[in-house]
Each structure stands twice: as structure tokens, then as C-alpha cells.
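Structure data (mmCIF, N, CA and C atoms) from upload.cif:
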data_work
#
loop_
_atom_site.label_atom_id
_atom_site.label_comp_id
_atom_site.auth_asym_id
_atom_site.auth_seq_id
_atom_site.Cartn_x
_atom_site.Cartn_y
_atom_site.Cartn_z
N MET A 1 7.07 -14.81 -3.08
CA MET A 1 7.48 -13.54 -2.52
C MET A 1 6.31 -12.95 -1.75
N GLN A 2 6.57 -12.54 -0.52
CA GLN A 2 5.56 -11.91 0.32
C GLN A 2 5.80 -10.40 0.35
N ILE A 3 4.82 -9.64 -0.10
CA ILE A 3 4.92 -8.18 -0.09
C ILE A 3 3.88 -7.65 0.90
N GLY A 4 4.35 -6.94 1.92
CA GLY A 4 3.46 -6.27 2.84
C GLY A 4 3.04 -4.95 2.24
N VAL A 5 1.78 -4.57 2.43
CA VAL A 5 1.28 -3.31 1.87
C VAL A 5 0.58 -2.54 2.99
N ILE A 6 0.94 -1.27 3.09
CA ILE A 6 0.40 -0.41 4.14
C ILE A 6 0.14 0.97 3.54
N ALA A 7 -0.79 1.69 4.10
CA ALA A 7 -1.09 3.05 3.63
C ALA A 7 -1.72 3.86 4.74
N ASP A 8 -1.71 5.15 4.55
CA ASP A 8 -2.44 6.07 5.43
C ASP A 8 -2.11 5.86 6.91
N THR A 9 -0.81 5.81 7.19
CA THR A 9 -0.37 5.71 8.58
C THR A 9 -0.54 7.05 9.30
N HIS A 10 -0.46 8.15 8.57
CA HIS A 10 -0.65 9.49 9.16
C HIS A 10 0.16 9.65 10.45
N SER A 11 1.44 9.25 10.40
CA SER A 11 2.40 9.35 11.51
C SER A 11 2.15 8.37 12.65
N LYS A 12 1.15 7.51 12.56
CA LYS A 12 0.84 6.56 13.63
C LYS A 12 1.25 5.16 13.19
N MET A 13 2.35 4.66 13.75
CA MET A 13 2.81 3.32 13.42
C MET A 13 2.39 2.36 14.52
N ARG A 14 1.31 1.66 14.26
CA ARG A 14 0.76 0.74 15.26
C ARG A 14 1.63 -0.52 15.38
N PRO A 15 1.90 -0.96 16.61
CA PRO A 15 2.65 -2.21 16.80
C PRO A 15 1.95 -3.39 16.12
N GLU A 16 0.63 -3.39 16.09
CA GLU A 16 -0.13 -4.48 15.46
C GLU A 16 0.14 -4.53 13.96
N ALA A 17 0.32 -3.35 13.35
CA ALA A 17 0.64 -3.30 11.92
C ALA A 17 2.03 -3.85 11.67
N LEU A 18 2.97 -3.49 12.52
CA LEU A 18 4.33 -4.01 12.38
C LEU A 18 4.35 -5.53 12.52
N ASP A 19 3.59 -6.04 13.49
CA ASP A 19 3.52 -7.50 13.69
C ASP A 19 2.95 -8.19 12.45
N ALA A 20 1.92 -7.60 11.85
CA ALA A 20 1.28 -8.21 10.68
C ALA A 20 2.21 -8.19 9.46
N LEU A 21 3.13 -7.23 9.42
CA LEU A 21 4.03 -7.11 8.27
C LEU A 21 5.32 -7.91 8.42
N LYS A 22 5.56 -8.44 9.61
CA LYS A 22 6.77 -9.25 9.82
C LYS A 22 6.76 -10.44 8.87
N GLY A 23 7.93 -10.77 8.36
CA GLY A 23 8.04 -11.87 7.41
C GLY A 23 7.92 -11.43 5.97
N SER A 24 7.63 -10.14 5.75
CA SER A 24 7.55 -9.62 4.38
C SER A 24 8.94 -9.55 3.77
N ASP A 25 9.03 -9.85 2.49
CA ASP A 25 10.28 -9.68 1.75
C ASP A 25 10.49 -8.23 1.37
N LEU A 26 9.38 -7.50 1.26
CA LEU A 26 9.38 -6.10 0.86
C LEU A 26 8.10 -5.48 1.41
N ILE A 27 8.14 -4.19 1.71
CA ILE A 27 6.94 -3.48 2.16
C ILE A 27 6.70 -2.30 1.22
N LEU A 28 5.46 -2.18 0.76
CA LEU A 28 5.04 -1.05 -0.05
C LEU A 28 4.17 -0.14 0.80
N HIS A 29 4.45 1.16 0.79
CA HIS A 29 3.63 2.13 1.52
C HIS A 29 2.99 3.04 0.48
N ALA A 30 1.67 3.02 0.42
CA ALA A 30 0.92 3.75 -0.62
C ALA A 30 0.53 5.17 -0.20
N GLY A 31 1.38 5.83 0.55
CA GLY A 31 1.22 7.25 0.82
C GLY A 31 0.49 7.63 2.08
N ASP A 32 0.61 8.93 2.41
CA ASP A 32 0.21 9.51 3.69
C ASP A 32 0.99 8.84 4.82
N VAL A 33 2.30 8.90 4.65
CA VAL A 33 3.24 8.32 5.60
C VAL A 33 3.23 9.09 6.91
N GLY A 34 3.48 10.40 6.81
CA GLY A 34 3.62 11.21 8.02
C GLY A 34 5.07 11.28 8.46
N ARG A 35 5.30 11.16 9.75
CA ARG A 35 6.65 11.33 10.31
C ARG A 35 7.64 10.27 9.83
N ASP A 36 8.92 10.65 9.84
CA ASP A 36 10.01 9.76 9.41
C ASP A 36 10.04 8.45 10.19
N GLU A 37 9.59 8.48 11.44
CA GLU A 37 9.64 7.29 12.28
C GLU A 37 8.83 6.14 11.69
N VAL A 38 7.81 6.46 10.90
CA VAL A 38 7.02 5.40 10.25
C VAL A 38 7.90 4.61 9.28
N LEU A 39 8.62 5.31 8.42
CA LEU A 39 9.50 4.62 7.48
C LEU A 39 10.62 3.89 8.20
N ASP A 40 11.16 4.50 9.26
CA ASP A 40 12.21 3.84 10.04
C ASP A 40 11.73 2.51 10.61
N ALA A 41 10.53 2.50 11.18
CA ALA A 41 9.99 1.28 11.78
C ALA A 41 9.75 0.20 10.72
N LEU A 42 9.24 0.61 9.55
CA LEU A 42 9.01 -0.37 8.48
C LEU A 42 10.32 -0.91 7.93
N GLU A 43 11.32 -0.04 7.78
CA GLU A 43 12.62 -0.46 7.25
C GLU A 43 13.34 -1.42 8.19
N ALA A 44 12.97 -1.43 9.46
CA ALA A 44 13.56 -2.39 10.41
C ALA A 44 13.05 -3.81 10.13
N ILE A 45 11.95 -3.93 9.38
CA ILE A 45 11.36 -5.23 9.05
C ILE A 45 11.83 -5.72 7.69
N ALA A 46 11.80 -4.84 6.69
CA ALA A 46 12.12 -5.23 5.31
C ALA A 46 12.40 -3.96 4.50
N PRO A 47 12.99 -4.11 3.32
CA PRO A 47 13.14 -2.94 2.45
C PRO A 47 11.77 -2.33 2.15
N VAL A 48 11.74 -1.00 2.00
CA VAL A 48 10.48 -0.28 1.81
C VAL A 48 10.54 0.51 0.51
N VAL A 49 9.44 0.44 -0.25
CA VAL A 49 9.21 1.32 -1.40
C VAL A 49 7.96 2.11 -1.06
N ALA A 50 8.08 3.44 -1.06
CA ALA A 50 6.96 4.28 -0.63
C ALA A 50 6.72 5.40 -1.63
N ILE A 51 5.51 5.91 -1.60
CA ILE A 51 5.15 7.08 -2.39
C ILE A 51 4.60 8.16 -1.48
N ARG A 52 4.54 9.36 -2.01
CA ARG A 52 4.04 10.51 -1.26
C ARG A 52 2.51 10.58 -1.36
N GLY A 53 1.89 10.84 -0.24
CA GLY A 53 0.45 11.08 -0.21
C GLY A 53 0.17 12.56 -0.04
N ASN A 54 -1.10 12.92 0.01
CA ASN A 54 -1.47 14.33 0.07
C ASN A 54 -1.08 15.03 1.37
N ILE A 55 -0.80 14.27 2.46
CA ILE A 55 -0.38 14.92 3.71
C ILE A 55 1.14 14.99 3.84
N ASP A 56 1.86 14.37 2.94
CA ASP A 56 3.32 14.23 3.07
C ASP A 56 4.04 15.47 2.56
N LYS A 57 4.16 16.46 3.44
CA LYS A 57 4.73 17.76 3.07
C LYS A 57 6.07 18.05 3.74
N THR A 58 6.46 17.20 4.73
CA THR A 58 7.71 17.44 5.46
C THR A 58 8.48 16.13 5.61
N GLY A 59 9.74 16.26 6.02
CA GLY A 59 10.57 15.09 6.30
C GLY A 59 10.85 14.27 5.05
N ARG A 60 11.24 13.03 5.27
CA ARG A 60 11.57 12.12 4.16
C ARG A 60 10.40 11.92 3.21
N ALA A 61 9.19 11.88 3.75
CA ALA A 61 8.01 11.61 2.92
C ALA A 61 7.78 12.69 1.87
N ALA A 62 8.19 13.92 2.15
CA ALA A 62 8.00 15.01 1.19
C ALA A 62 8.81 14.79 -0.09
N ASP A 63 9.87 14.02 0.01
CA ASP A 63 10.74 13.77 -1.14
C ASP A 63 10.41 12.48 -1.89
N LEU A 64 9.39 11.77 -1.46
CA LEU A 64 9.00 10.53 -2.13
C LEU A 64 8.34 10.84 -3.47
N PRO A 65 8.42 9.91 -4.42
CA PRO A 65 7.74 10.13 -5.71
C PRO A 65 6.22 10.00 -5.56
N ASP A 66 5.50 10.57 -6.52
CA ASP A 66 4.03 10.48 -6.51
C ASP A 66 3.54 9.10 -6.91
N VAL A 67 4.28 8.41 -7.76
CA VAL A 67 3.91 7.07 -8.22
C VAL A 67 5.16 6.19 -8.27
N GLN A 68 4.94 4.90 -8.28
CA GLN A 68 6.01 3.93 -8.47
C GLN A 68 5.56 2.92 -9.51
N ASP A 69 6.44 2.64 -10.43
CA ASP A 69 6.23 1.65 -11.48
C ASP A 69 7.19 0.52 -11.15
N LEU A 70 6.67 -0.64 -10.75
CA LEU A 70 7.49 -1.73 -10.20
C LEU A 70 7.22 -3.03 -10.93
N ALA A 71 8.12 -3.99 -10.75
CA ALA A 71 7.90 -5.33 -11.31
C ALA A 71 8.47 -6.37 -10.34
N PHE A 72 7.70 -7.42 -10.12
CA PHE A 72 8.10 -8.52 -9.24
C PHE A 72 7.74 -9.84 -9.90
N LEU A 73 8.73 -10.69 -10.08
CA LEU A 73 8.53 -12.03 -10.64
C LEU A 73 7.71 -12.02 -11.93
N GLY A 74 7.98 -11.02 -12.77
CA GLY A 74 7.32 -10.94 -14.06
C GLY A 74 5.98 -10.24 -14.07
N HIS A 75 5.55 -9.68 -12.93
CA HIS A 75 4.27 -8.97 -12.85
C HIS A 75 4.54 -7.47 -12.65
N ALA A 76 3.86 -6.64 -13.43
CA ALA A 76 4.02 -5.19 -13.33
C ALA A 76 3.03 -4.63 -12.30
N PHE A 77 3.53 -3.74 -11.45
CA PHE A 77 2.75 -3.10 -10.40
C PHE A 77 2.81 -1.59 -10.61
N TYR A 78 1.69 -0.93 -10.36
CA TYR A 78 1.64 0.54 -10.40
C TYR A 78 1.08 1.00 -9.06
N MET A 79 1.82 1.88 -8.38
CA MET A 79 1.38 2.36 -7.07
C MET A 79 1.23 3.88 -7.10
N LEU A 80 0.05 4.32 -6.67
CA LEU A 80 -0.26 5.74 -6.55
C LEU A 80 -1.09 5.93 -5.29
N HIS A 81 -1.23 7.17 -4.85
CA HIS A 81 -1.94 7.35 -3.58
C HIS A 81 -3.46 7.27 -3.73
N ASP A 82 -4.01 7.93 -4.73
CA ASP A 82 -5.47 7.99 -4.88
C ASP A 82 -5.85 7.38 -6.23
N VAL A 83 -6.53 6.25 -6.20
CA VAL A 83 -6.89 5.56 -7.45
C VAL A 83 -7.76 6.43 -8.35
N LYS A 84 -8.44 7.41 -7.78
CA LYS A 84 -9.27 8.31 -8.60
C LYS A 84 -8.44 9.19 -9.51
N THR A 85 -7.14 9.29 -9.24
CA THR A 85 -6.26 10.09 -10.10
C THR A 85 -5.53 9.22 -11.14
N LEU A 86 -5.87 7.95 -11.22
CA LEU A 86 -5.24 7.05 -12.18
C LEU A 86 -5.54 7.55 -13.59
N ASP A 87 -4.49 7.91 -14.32
CA ASP A 87 -4.69 8.50 -15.64
C ASP A 87 -4.12 7.63 -16.77
N ILE A 88 -3.97 6.33 -16.47
CA ILE A 88 -3.52 5.38 -17.48
C ILE A 88 -4.51 4.22 -17.50
N GLU A 89 -4.50 3.47 -18.56
CA GLU A 89 -5.33 2.26 -18.64
C GLU A 89 -4.43 1.08 -18.24
N PRO A 90 -4.68 0.49 -17.07
CA PRO A 90 -3.80 -0.57 -16.59
C PRO A 90 -4.00 -1.92 -17.30
N GLN A 91 -5.18 -2.17 -17.89
CA GLN A 91 -5.43 -3.46 -18.54
C GLN A 91 -4.38 -3.71 -19.61
N GLY A 92 -3.76 -4.89 -19.56
CA GLY A 92 -2.76 -5.25 -20.54
C GLY A 92 -1.38 -4.68 -20.26
N ARG A 93 -1.29 -3.84 -19.24
CA ARG A 93 -0.01 -3.20 -18.91
C ARG A 93 0.46 -3.54 -17.50
N TYR A 94 -0.49 -3.60 -16.56
CA TYR A 94 -0.17 -3.87 -15.16
C TYR A 94 -1.01 -5.03 -14.65
N ARG A 95 -0.43 -5.81 -13.74
CA ARG A 95 -1.15 -6.89 -13.07
C ARG A 95 -1.82 -6.36 -11.80
N VAL A 96 -1.16 -5.38 -11.13
CA VAL A 96 -1.66 -4.86 -9.85
C VAL A 96 -1.59 -3.33 -9.83
N VAL A 97 -2.67 -2.71 -9.40
CA VAL A 97 -2.69 -1.27 -9.12
C VAL A 97 -2.91 -1.13 -7.62
N ILE A 98 -1.95 -0.50 -6.95
CA ILE A 98 -2.01 -0.32 -5.49
C ILE A 98 -2.28 1.15 -5.20
N ALA A 99 -3.24 1.40 -4.33
CA ALA A 99 -3.57 2.77 -3.94
C ALA A 99 -3.95 2.79 -2.46
N GLY A 100 -3.94 3.97 -1.90
CA GLY A 100 -4.39 4.18 -0.53
C GLY A 100 -5.48 5.25 -0.55
N HIS A 101 -5.32 6.26 0.28
CA HIS A 101 -6.11 7.48 0.35
C HIS A 101 -7.52 7.31 0.93
N SER A 102 -8.29 6.37 0.46
CA SER A 102 -9.69 6.25 0.90
C SER A 102 -9.83 5.61 2.28
N HIS A 103 -8.79 4.93 2.74
CA HIS A 103 -8.81 4.15 3.99
C HIS A 103 -9.74 2.94 3.88
N LYS A 104 -10.30 2.70 2.71
CA LYS A 104 -11.21 1.57 2.51
C LYS A 104 -10.46 0.40 1.88
N PRO A 105 -10.39 -0.73 2.59
CA PRO A 105 -9.70 -1.90 2.02
C PRO A 105 -10.35 -2.34 0.71
N ARG A 106 -9.50 -2.73 -0.24
CA ARG A 106 -10.00 -3.21 -1.53
C ARG A 106 -9.06 -4.29 -2.04
N ASN A 107 -9.64 -5.39 -2.45
CA ASN A 107 -8.89 -6.53 -3.00
C ASN A 107 -9.77 -7.08 -4.12
N GLU A 108 -9.75 -6.40 -5.27
CA GLU A 108 -10.74 -6.66 -6.32
C GLU A 108 -10.08 -6.81 -7.69
N TRP A 109 -10.40 -7.92 -8.34
CA TRP A 109 -9.96 -8.12 -9.71
C TRP A 109 -10.96 -7.50 -10.66
N ILE A 110 -10.49 -6.67 -11.56
CA ILE A 110 -11.30 -6.15 -12.67
C ILE A 110 -10.54 -6.52 -13.93
N GLY A 111 -11.10 -7.43 -14.68
CA GLY A 111 -10.38 -7.98 -15.82
C GLY A 111 -9.14 -8.70 -15.33
N ASP A 112 -8.00 -8.35 -15.88
CA ASP A 112 -6.74 -8.98 -15.49
C ASP A 112 -5.94 -8.15 -14.49
N VAL A 113 -6.57 -7.17 -13.89
CA VAL A 113 -5.86 -6.26 -12.98
C VAL A 113 -6.43 -6.38 -11.57
N LEU A 114 -5.54 -6.56 -10.60
CA LEU A 114 -5.92 -6.54 -9.19
C LEU A 114 -5.81 -5.11 -8.67
N TYR A 115 -6.95 -4.57 -8.25
CA TYR A 115 -6.97 -3.26 -7.59
C TYR A 115 -6.88 -3.53 -6.10
N PHE A 116 -5.81 -3.02 -5.48
CA PHE A 116 -5.52 -3.37 -4.09
C PHE A 116 -5.29 -2.11 -3.27
N ASN A 117 -6.09 -1.96 -2.22
CA ASN A 117 -5.92 -0.88 -1.24
C ASN A 117 -5.85 -1.56 0.12
N PRO A 118 -4.72 -1.41 0.84
CA PRO A 118 -4.60 -2.08 2.13
C PRO A 118 -5.48 -1.47 3.21
N GLY A 119 -6.15 -0.37 2.90
CA GLY A 119 -6.94 0.32 3.92
C GLY A 119 -6.05 1.20 4.77
N GLY A 120 -6.62 1.80 5.78
CA GLY A 120 -5.87 2.69 6.66
C GLY A 120 -5.36 1.96 7.89
N SER A 121 -4.09 2.23 8.23
CA SER A 121 -3.54 1.59 9.42
C SER A 121 -3.18 2.60 10.50
N GLY A 122 -3.44 3.87 10.23
CA GLY A 122 -3.16 4.91 11.21
C GLY A 122 -4.38 5.20 12.06
N PRO A 123 -4.64 6.49 12.31
CA PRO A 123 -5.83 6.84 13.10
C PRO A 123 -7.10 6.36 12.41
N ARG A 124 -8.05 5.90 13.20
CA ARG A 124 -9.31 5.39 12.64
C ARG A 124 -10.06 6.52 11.94
N ARG A 125 -10.61 6.19 10.79
CA ARG A 125 -11.41 7.15 10.03
C ARG A 125 -12.84 6.63 9.96
N PHE A 126 -13.76 7.42 10.47
CA PHE A 126 -15.17 7.04 10.52
C PHE A 126 -15.29 5.68 11.21
N THR A 127 -16.01 4.74 10.62
CA THR A 127 -16.15 3.41 11.22
C THR A 127 -15.38 2.36 10.43
N LEU A 128 -14.42 2.80 9.62
CA LEU A 128 -13.66 1.86 8.80
C LEU A 128 -12.72 1.03 9.67
N PRO A 129 -12.45 -0.21 9.26
CA PRO A 129 -11.52 -1.05 10.03
C PRO A 129 -10.09 -0.54 9.90
N ILE A 130 -9.25 -0.96 10.81
CA ILE A 130 -7.81 -0.68 10.75
C ILE A 130 -7.17 -1.91 10.10
N THR A 131 -6.53 -1.71 8.95
CA THR A 131 -6.06 -2.85 8.17
C THR A 131 -4.70 -2.58 7.51
N VAL A 132 -4.05 -3.68 7.15
CA VAL A 132 -2.89 -3.68 6.25
C VAL A 132 -3.16 -4.78 5.23
N GLY A 133 -2.25 -4.93 4.29
CA GLY A 133 -2.45 -5.95 3.27
C GLY A 133 -1.21 -6.78 3.03
N ARG A 134 -1.44 -7.87 2.34
CA ARG A 134 -0.34 -8.75 1.95
C ARG A 134 -0.60 -9.22 0.52
N LEU A 135 0.46 -9.22 -0.28
CA LEU A 135 0.39 -9.77 -1.63
C LEU A 135 1.35 -10.94 -1.71
N ASP A 136 0.82 -12.09 -2.08
CA ASP A 136 1.64 -13.27 -2.29
C ASP A 136 1.90 -13.35 -3.80
N VAL A 137 3.14 -13.10 -4.18
CA VAL A 137 3.50 -13.01 -5.59
C VAL A 137 4.35 -14.22 -5.98
N SER A 138 3.92 -14.90 -7.02
CA SER A 138 4.70 -15.99 -7.59
C SER A 138 4.75 -15.77 -9.09
N GLU A 139 5.54 -16.56 -9.79
CA GLU A 139 5.58 -16.44 -11.24
C GLU A 139 4.21 -16.73 -11.85
N ASP A 140 3.40 -17.54 -11.17
CA ASP A 140 2.08 -17.92 -11.67
C ASP A 140 1.01 -16.85 -11.46
N GLY A 141 1.19 -15.95 -10.49
CA GLY A 141 0.16 -14.95 -10.25
C GLY A 141 0.36 -14.18 -8.96
N VAL A 142 -0.67 -13.41 -8.62
CA VAL A 142 -0.67 -12.57 -7.43
C VAL A 142 -1.96 -12.82 -6.67
N VAL A 143 -1.85 -13.02 -5.35
CA VAL A 143 -3.01 -13.20 -4.49
C VAL A 143 -2.94 -12.13 -3.40
N GLY A 144 -4.02 -11.36 -3.27
CA GLY A 144 -4.07 -10.32 -2.25
C GLY A 144 -4.85 -10.75 -1.04
N GLU A 145 -4.48 -10.20 0.11
CA GLU A 145 -5.17 -10.48 1.37
C GLU A 145 -5.22 -9.20 2.19
N ILE A 146 -6.39 -8.90 2.73
CA ILE A 146 -6.55 -7.77 3.66
C ILE A 146 -6.52 -8.35 5.06
N ILE A 147 -5.73 -7.72 5.94
CA ILE A 147 -5.56 -8.19 7.31
C ILE A 147 -6.12 -7.13 8.26
N GLU A 148 -7.22 -7.47 8.94
CA GLU A 148 -7.77 -6.53 9.93
C GLU A 148 -6.98 -6.66 11.22
N LEU A 149 -6.56 -5.52 11.74
CA LEU A 149 -5.72 -5.52 12.93
C LEU A 149 -6.57 -5.55 14.20
N PRO A 150 -6.10 -6.27 15.21
CA PRO A 150 -6.83 -6.37 16.48
C PRO A 150 -6.54 -5.17 17.37
N VAL A 151 -7.17 -4.03 17.06
CA VAL A 151 -6.91 -2.82 17.83
C VAL A 151 -8.18 -2.36 18.53
#

Write out the structure in this file as C-alpha cells.
Amino acid sequence: MQIGVIADTHSKMRPEALDALKGSDLILHAGDVGRDEVLDALEAIAPVVAIRGNIDKTGRAADLPDVQDLAFLGHAFYMLHDVKTLDIEPQGRYRVVIAGHSHKPRNEWIGDVLYFNPGGSGPRRFTLPITVGRLDVSEDGVVGEIIELPV
């Protein structure tokens, strides 16, 4: 199963991000969606599961949940916008914790948990790269990949 992961679009849906997410079975958006057109564009590629970020105060994004508790092929996923607000112990409970907010890509195993941040794909923040992510999920495990966009 191929899961596309995107965050911090801030109303800017880059064509390069859409191209990188093509072929996904599902797309996860880890918050700071912005305008409804972002979700519309992602939904044209694959089903979308999204959460609300700190800028999501209007439109469809305002009604999104703060967190998502998901499972794919026997692996539990927890998605929230800012990993600094994580108030549960994921070890032994979740295989993957997905967050956005920092715009900093992260693909790091700590113990048995993959901490995954696809980075920011909207307006550039400081000198950080523009990125999205991909999770390859099988019954055997999860492999994360950060994709830097050619922008």
C-alpha cells in the first residue's frame, strides 16, 4: 500500500506535489490545509484523510479533527499536527506517528515507532526544502521516504 503524506500546504497546492503523490492509494494531510481547493485537488488523486492545523479556521479544514487514529495492514498510525503536543506514549501502541507544523522533514525510527513529518509543501519557510512524503506499508512493516520537490 502506498500512502502519500503532505502537510503545511497553507492554501498553496503545488503541481509538483500533486505529481509526487500520484499513484497513492491514500493521502494523509497532517494539517495547515488552508483553502478547500487543496483538499479538492488531493481528492482527485486518491481518498484523503486530513486533520486540522493551527491555521485551519475556515472552510472544510475548520471542521477536520485535531487527530486521527488509523490502521493500515495491521499497523497503527497516529496523526496530529504538532508532534510537540503528543500527549500519549506511542511505543507499543503505534507503529507510525505522523505530524506536520515544523515544515522540517523527518523520517526517524525511535524504538519501534516511525516519526514521520513530510515537511512543508506550501510556501517556503526560511531555507527549508519543499517536500512531501510517501509511506510504503506492507504486512511486514512500514518504510518512509521524503521527496524533495523540484521547485

Take the PyMOL selection byres (((chain A and resi 71-87 and name CA) around 10) and name CA), run it mentally on this structure, and tell me the resulting residues as a PyMOL selection string.
chain A and resi 1+3+7-8+28-32+49-54+65-70+88-90+92-102+113-117+137-142

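Between CA of Leu42 in chain A and CA of Gly120 in chain A there is a distance of 15.3 Å.
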
Between A:Ala41, A:His103, A:Leu21, A:Leu64, which is the closest to Phe126 in chain A once you count only C-alpha atoms?
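Using only C-alpha atoms, Phe126 in chain A sits closest to A:His103.
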
Quick one, how far is CA of Ile55 in chain A from CA of Gln2 in chain A?
27.7 Å

Using Å and a single decimal, report how far CA of Leu26 in chain A sits from atom C of Ile45 in chain A.
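Interatomic distance here is 7.3 Å.
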
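Comparing the minimum interatomic distances between Pro129 in chain A and each of A:Ile147, A:Ile27, A:Ala20, A:Val48, counting all atoms listed in the file, we find that A:Ile147 sits nearest.
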
As a PyMOL selection string, please: every residue in range 6-100 of chain A that a backbone DSSP assignment puts in strand (DSSP E or B).
chain A and resi 6+26-29+48-50+67-72+75-80+96-98

Chain and number of each residue from the PyMOL selection byres (((chain A and resi 107 and name CA) around 10) and name CA), as a CSV table (one decimal) with N, CA and C atoms, in the frame of the given file:
chain,number,residue,atom,x,y,z
A,98,ILE,N,-2.0,-0.5,-7.0
A,98,ILE,CA,-2.0,-0.3,-5.5
A,98,ILE,C,-2.3,1.2,-5.2
A,105,PRO,N,-10.4,-0.7,2.6
A,105,PRO,CA,-9.7,-1.9,2.0
A,105,PRO,C,-10.4,-2.3,0.7
A,106,ARG,N,-9.5,-2.7,-0.2
A,106,ARG,CA,-10.0,-3.2,-1.5
A,106,ARG,C,-9.1,-4.3,-2.0
A,108,GLU,N,-9.8,-6.4,-5.3
A,108,GLU,CA,-10.7,-6.7,-6.3
A,108,GLU,C,-10.1,-6.8,-7.7
A,109,TRP,N,-10.4,-7.9,-8.3
A,109,TRP,CA,-10.0,-8.1,-9.7
A,109,TRP,C,-11.0,-7.5,-10.7
A,110,ILE,N,-10.5,-6.7,-11.6
A,110,ILE,CA,-11.3,-6.2,-12.7
A,110,ILE,C,-10.5,-6.5,-13.9
A,114,LEU,N,-5.5,-6.6,-10.6
A,114,LEU,CA,-5.9,-6.5,-9.2
A,114,LEU,C,-5.8,-5.1,-8.7
A,115,TYR,N,-7.0,-4.6,-8.2
A,115,TYR,CA,-7.0,-3.3,-7.6
A,115,TYR,C,-6.9,-3.5,-6.1
A,116,PHE,N,-5.8,-3.0,-5.5
A,116,PHE,CA,-5.5,-3.4,-4.1
A,116,PHE,C,-5.3,-2.1,-3.3
A,117,ASN,N,-6.1,-2.0,-2.2
A,117,ASN,CA,-5.9,-0.9,-1.2
A,117,ASN,C,-5.8,-1.6,0.1
A,118,PRO,N,-4.7,-1.4,0.8
A,118,PRO,CA,-4.6,-2.1,2.1
A,118,PRO,C,-5.5,-1.5,3.2
A,119,GLY,N,-6.2,-0.4,2.9
A,119,GLY,CA,-6.9,0.3,3.9
A,119,GLY,C,-6.0,1.2,4.8
A,133,GLY,N,-2.2,-4.9,4.3
A,133,GLY,CA,-2.4,-6.0,3.3
A,133,GLY,C,-1.2,-6.8,3.0
A,135,LEU,N,0.5,-9.2,-0.3
A,135,LEU,CA,0.4,-9.8,-1.6
A,135,LEU,C,1.4,-10.9,-1.7
A,143,VAL,N,-1.8,-13.0,-5.4
A,143,VAL,CA,-3.0,-13.2,-4.5
A,143,VAL,C,-2.9,-12.1,-3.4
A,144,GLY,N,-4.0,-11.4,-3.3
A,144,GLY,CA,-4.1,-10.3,-2.2
A,144,GLY,C,-4.8,-10.8,-1.0
A,145,GLU,N,-4.5,-10.2,0.1
A,145,GLU,CA,-5.2,-10.5,1.4
A,145,GLU,C,-5.2,-9.2,2.2
A,146,ILE,N,-6.4,-8.9,2.7
A,146,ILE,CA,-6.6,-7.8,3.7
A,146,ILE,C,-6.5,-8.4,5.1

Please return the centre and edge lengths, in Å to one decimal, of a box with edges along x, y and z that contains all listed atoms of range 83-86 of chain A, widened by 4 Å on every side, as lines of an AutoDock Vina configuration file.
center_x = -7.3
center_y = 7.8
center_z = -9.9
size_x = 12.0
size_y = 12.5
size_z = 15.4

Matched chain/residue IDs from the PyMOL selection byres (((chain A and resi 40 and name CA) around 12) and name CA), as a ChimeraX atom specification:
/A:11,13,18,27,33-39,41-48,50,59-61

Would you mind writing down, as a count of residues only, each residue of chain A that DSSP on the backbone assigns to helix (DSSP H, G or I)?
22

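With all atoms listed in the file as the basis for measurement, A:Glu148 is the residue among A:Asp63, A:Asp112, A:Glu148, A:Asp56 that approaches Thr131 in chain A most closely.
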
Neighbourhood query: residues within 6.5 Å of (-1.4, -6.2, 18.7), file coordinates, counting all atoms listed in the file; return as a compact mmCIF listing (two decimals) with N, CA and C atoms, in the coordinates of the input.
# COMPACT_ATOMS: atom_id res chain seq x y z
N PRO A 15 1.90 -0.96 16.61
CA PRO A 15 2.65 -2.21 16.80
C PRO A 15 1.95 -3.39 16.12
N GLU A 16 0.63 -3.39 16.09
CA GLU A 16 -0.13 -4.48 15.46
C GLU A 16 0.14 -4.53 13.96
N ALA A 17 0.32 -3.35 13.35
CA ALA A 17 0.64 -3.30 11.92
C ALA A 17 2.03 -3.85 11.67
N PRO A 150 -6.10 -6.27 15.21
CA PRO A 150 -6.83 -6.37 16.48
C PRO A 150 -6.54 -5.17 17.37
N VAL A 151 -7.17 -4.03 17.06
CA VAL A 151 -6.91 -2.82 17.83
C VAL A 151 -8.18 -2.36 18.53
